[in-house]
Amino acid sequence: MTVITTPAGVSLNYDTFGDPGHPPLLLIQGLGAHMLGWRADFCRQLADAGFHVVRFDNRDVGLSQKFPQGGYTLADMADDTAGLLTALEIPAAHVVGQSMGGMVAQQLALDHPTRVLTLALVYTAPSTDFLAGRDLVDERTQRPRARDRDEAIALYVENEAVCASPGYPQDIAWLRELGGQMYDRNYDPDGIERQLESLDNSPDRTPHLHRITVPTTILHGDGDRLIGPDGSKVMHELIADSKLTIHPGMGHELPQPLWPQIITQIRDNAARGSA
């Protein structure tokens, strides 16, 4: 794991998987999620599929720079992402974003179109209007701070219960491990609040989605309690070169049994951008 500074002066923590000579694949995380949420095994499988995988902590989370004053938007986070690519000397990348990261990915494609080769938008939406579980999100962010590591792990597992897939068992052992790792790296619930504010402060992207012209695959689950698949359907209607897959039984997570299908969908979409 390495911290690098963008041309705009934002410090972002990142790591990589696979051969640097392979096409770059940039993974963007969701609300309050450390880059570790992109499981290392998943990243290695993406690397085995022929990519040089880059994952990173968004601003205000993990080991990336904190912005205690807040006041930023998803466009600023998209600028961070473009700046990361510049700092890594990557002219353009295949981009995968999940949840809030998918919103940042959309903004990246709109504001920095030459940096995006293809898009994979995973259980995300064009605006906060599609946050079916907004009350669940607010409840998660308003809970008292954990007093120690064990409490932080228990709280994280409890919070992630709303993301569970009705068709697949939730990997509680992994969530406990991840919760502990995130606590050890940097426990900062205030940063999550500021990221949530950035969602609220960002305009609806729906009127602009027609400007996204790169090959796009849109993946959602029919069991998602936080962001309903209606937002993905709207994106599919408005992004001309897009394909939509609604995975039965998938919630607001990437169940391990679906990894082969999801990786294939990302790979096949990237191939459309390389043709």
# chains A, B, ... in the order shown; residues from 1 in each chain; ligands from 1
>>> residues_around(residues="region 44-59 of chain A", least_positions_apart="5", cutoff="6 Å", atoms="only C-alpha atoms", output="NGL selection string")
:A and (13-20 or 22-27 or 34-35 or 64-65)
>>> select_by_dssp(residues="region 60-196 of chain A", states="strand (DSSP E or B)", output="PyMOL selection string")
chain A and resi 93-98+116-122
>>> write_last_selection(atoms="C-alpha atoms", output="short mmCIF file (atom, residue, chain, number, x, y, z; two decimals), in the first residue's frame")
data_model
loop_
_atom_site.label_atom_id
_atom_site.label_comp_id
_atom_site.auth_asym_id
_atom_site.auth_seq_id
_atom_site.Cartn_x
_atom_site.Cartn_y
_atom_site.Cartn_z
CA ALA A 93 -8.37 3.00 -17.49
CA HIS A 94 -11.26 0.60 -17.42
CA VAL A 95 -13.28 1.80 -14.44
CA VAL A 96 -15.44 -0.21 -12.01
CA GLY A 97 -17.46 1.60 -9.35
CA GLN A 98 -19.78 0.15 -6.76
CA VAL A 116 -12.30 6.21 -19.08
CA LEU A 117 -11.96 3.30 -21.52
CA THR A 118 -15.04 1.40 -20.29
CA LEU A 119 -17.38 1.55 -17.32
CA ALA A 120 -18.76 -1.11 -15.00
CA LEU A 121 -21.45 0.34 -12.73
CA VAL A 122 -22.30 -1.96 -9.83
#
>>> closest_residue(among="A:Asp129, A:Leu31, A:Asp80, A:Leu36", to="Thr6 (chain A)", atoms="only C-alpha atoms")
A:Asp80
>>> residues_around(residues="region 215-217 of chain A", least_positions_apart="3", cutoff="8 Å", atoms="only C-alpha atoms", output="JSON list (two decimals) with N, CA and C atoms, in the first residue's frame")
[["chain", "number", "residue", "atom", "x", "y", "z"],
["A", 117, "LEU", "N", -11.88, 4.19, -20.36],
["A", 117, "LEU", "CA", -11.96, 3.30, -21.52],
["A", 117, "LEU", "C", -13.32, 2.59, -21.57],
["A", 118, "THR", "N", -13.73, 2.04, -20.43],
["A", 118, "THR", "CA", -15.04, 1.40, -20.29],
["A", 118, "THR", "C", -15.50, 1.61, -18.86],
["A", 119, "LEU", "N", -16.79, 1.39, -18.65],
["A", 119, "LEU", "CA", -17.38, 1.55, -17.32],
["A", 119, "LEU", "C", -18.08, 0.26, -16.89],
["A", 120, "ALA", "N", -17.93, -0.09, -15.62],
["A", 120, "ALA", "CA", -18.76, -1.11, -15.00],
["A", 120, "ALA", "C", -19.39, -0.46, -13.77],
["A", 121, "LEU", "N", -20.71, -0.35, -13.79],
["A", 121, "LEU", "CA", -21.45, 0.34, -12.73],
["A", 121, "LEU", "C", -22.20, -0.71, -11.92],
["A", 239, "ILE", "N", -27.64, 5.47, -21.25],
["A", 239, "ILE", "CA", -26.27, 5.26, -21.75],
["A", 239, "ILE", "C", -26.37, 4.33, -22.95],
["A", 241, "ASP", "N", -24.41, 2.78, -25.19],
["A", 241, "ASP", "CA", -23.65, 1.54, -25.37],
["A", 241, "ASP", "C", -23.54, 0.81, -24.03],
["A", 242, "SER", "N", -24.69, 0.42, -23.48],
["A", 242, "SER", "CA", -24.70, -0.23, -22.18],
["A", 242, "SER", "C", -25.45, -1.55, -22.21],
["A", 243, "LYS", "N", -25.04, -2.43, -21.31],
["A", 243, "LYS", "CA", -25.73, -3.70, -21.10],
["A", 243, "LYS", "C", -26.12, -3.79, -19.63],
["A", 244, "LEU", "N", -27.30, -4.30, -19.35],
["A", 244, "LEU", "CA", -27.82, -4.38, -17.99],
["A", 244, "LEU", "C", -28.01, -5.83, -17.58],
["A", 245, "THR", "N", -27.50, -6.17, -16.39],
["A", 245, "THR", "CA", -27.73, -7.49, -15.82],
["A", 245, "THR", "C", -28.27, -7.32, -14.40],
["A", 265, "GLN", "N", -18.24, -10.50, -16.86],
["A", 265, "GLN", "CA", -18.96, -9.34, -17.39],
["A", 265, "GLN", "C", -18.06, -8.11, -17.49],
["A", 266, "ILE", "N", -17.22, -7.91, -16.49],
["A", 266, "ILE", "CA", -16.27, -6.80, -16.54],
["A", 266, "ILE", "C", -15.27, -7.01, -17.67],
["A", 269, "ASN", "N", -16.90, -6.59, -21.13],
["A", 269, "ASN", "CA", -17.17, -5.20, -21.41],
["A", 269, "ASN", "C", -15.88, -4.45, -21.76],
["A", 270, "ALA", "N", -14.81, -4.76, -21.04],
["A", 270, "ALA", "CA", -13.52, -4.14, -21.37],
["A", 270, "ALA", "C", -13.06, -4.49, -22.76],
["A", 272, "ARG", "N", -14.93, -4.94, -25.27],
["A", 272, "ARG", "CA", -15.68, -4.10, -26.21],
["A", 272, "ARG", "C", -15.01, -2.74, -26.37],
["A", 273, "GLY", "N", -14.35, -2.29, -25.30],
["A", 273, "GLY", "CA", -13.66, -1.01, -25.37],
["A", 273, "GLY", "C", -12.28, -1.08, -26.00]]
>>> atom_distance(atom1="CA of Thr124 (chain A)", atom2="CA of Met103 (chain A)")
6.5 Å
>>> atom_distance(atom1="CA of Ile263 (chain A)", atom2="CA of Glu237 (chain A)")
23.0 Å
>>> closest_residue(among="A:Leu196, A:Val104, A:Leu88, A:Ala8", to="Thr141 (chain A)", atoms="only C-alpha atoms")
A:Leu196
>>> residues_around(residues="Ala173 (chain A)", least_positions_apart="3", cutoff="12 Å", atoms="only C-alpha atoms", output="JSON list (two decimals) with N, CA, C and O atoms, in the first residue's frame")
[["chain", "number", "residue", "atom", "x", "y", "z"],
["A", 153, "ILE", "N", -16.01, -3.85, 15.27],
["A", 153, "ILE", "CA", -16.28, -5.02, 14.43],
["A", 153, "ILE", "C", -17.75, -5.40, 14.52],
["A", 153, "ILE", "O", -18.41, -5.62, 13.48],
["A", 154, "ALA", "N", -18.28, -5.45, 15.73],
["A", 154, "ALA", "CA", -19.69, -5.82, 15.90],
["A", 154, "ALA", "C", -20.60, -4.82, 15.21],
["A", 154, "ALA", "O", -21.60, -5.21, 14.57],
["A", 156, "TYR", "N", -19.85, -2.90, 12.65],
["A", 156, "TYR", "CA", -19.72, -3.02, 11.20],
["A", 156, "TYR", "C", -20.54, -4.20, 10.67],
["A", 156, "TYR", "O", -21.25, -4.06, 9.67],
["A", 157, "VAL", "N", -20.44, -5.33, 11.33],
["A", 157, "VAL", "CA", -21.20, -6.51, 10.89],
["A", 157, "VAL", "C", -22.70, -6.22, 10.97],
["A", 157, "VAL", "O", -23.47, -6.58, 10.06],
["A", 169, "PRO", "N", -25.59, -16.79, 1.21],
["A", 169, "PRO", "CA", -25.24, -16.54, 2.61],
["A", 169, "PRO", "C", -24.23, -15.40, 2.72],
["A", 169, "PRO", "O", -23.30, -15.31, 1.91],
["A", 170, "GLN", "N", -24.43, -14.54, 3.69],
["A", 170, "GLN", "CA", -23.48, -13.46, 3.89],
["A", 170, "GLN", "C", -22.23, -14.00, 4.59],
["A", 170, "GLN", "O", -22.33, -14.79, 5.52],
["A", 176, "ARG", "N", -16.23, -9.67, 9.62],
["A", 176, "ARG", "CA", -15.56, -9.45, 10.91],
["A", 176, "ARG", "C", -14.07, -9.13, 10.68],
["A", 176, "ARG", "O", -13.52, -8.22, 11.31],
["A", 177, "GLU", "N", -13.47, -9.87, 9.78],
["A", 177, "GLU", "CA", -12.06, -9.60, 9.46],
["A", 177, "GLU", "C", -11.89, -8.20, 8.89],
["A", 177, "GLU", "O", -10.99, -7.45, 9.30],
["A", 178, "LEU", "N", -12.76, -7.83, 7.96],
["A", 178, "LEU", "CA", -12.68, -6.52, 7.33],
["A", 178, "LEU", "C", -12.93, -5.41, 8.35],
["A", 178, "LEU", "O", -12.23, -4.39, 8.34],
["A", 179, "GLY", "N", -13.92, -5.60, 9.21],
["A", 179, "GLY", "CA", -14.21, -4.60, 10.23],
["A", 179, "GLY", "C", -13.01, -4.34, 11.12],
["A", 179, "GLY", "O", -12.71, -3.19, 11.48],
["A", 180, "GLY", "N", -12.31, -5.40, 11.48],
["A", 180, "GLY", "CA", -11.10, -5.25, 12.29],
["A", 180, "GLY", "C", -9.99, -4.55, 11.54],
["A", 180, "GLY", "O", -9.29, -3.68, 12.09]]
>>> select_by_dssp(residues="region 11-244 of chain A", states="alpha helix (DSSP H)", output="ChimeraX atom specification")
/A:40-48,74-87,100-111,134-141,149-160,172-185,189-200,230-238
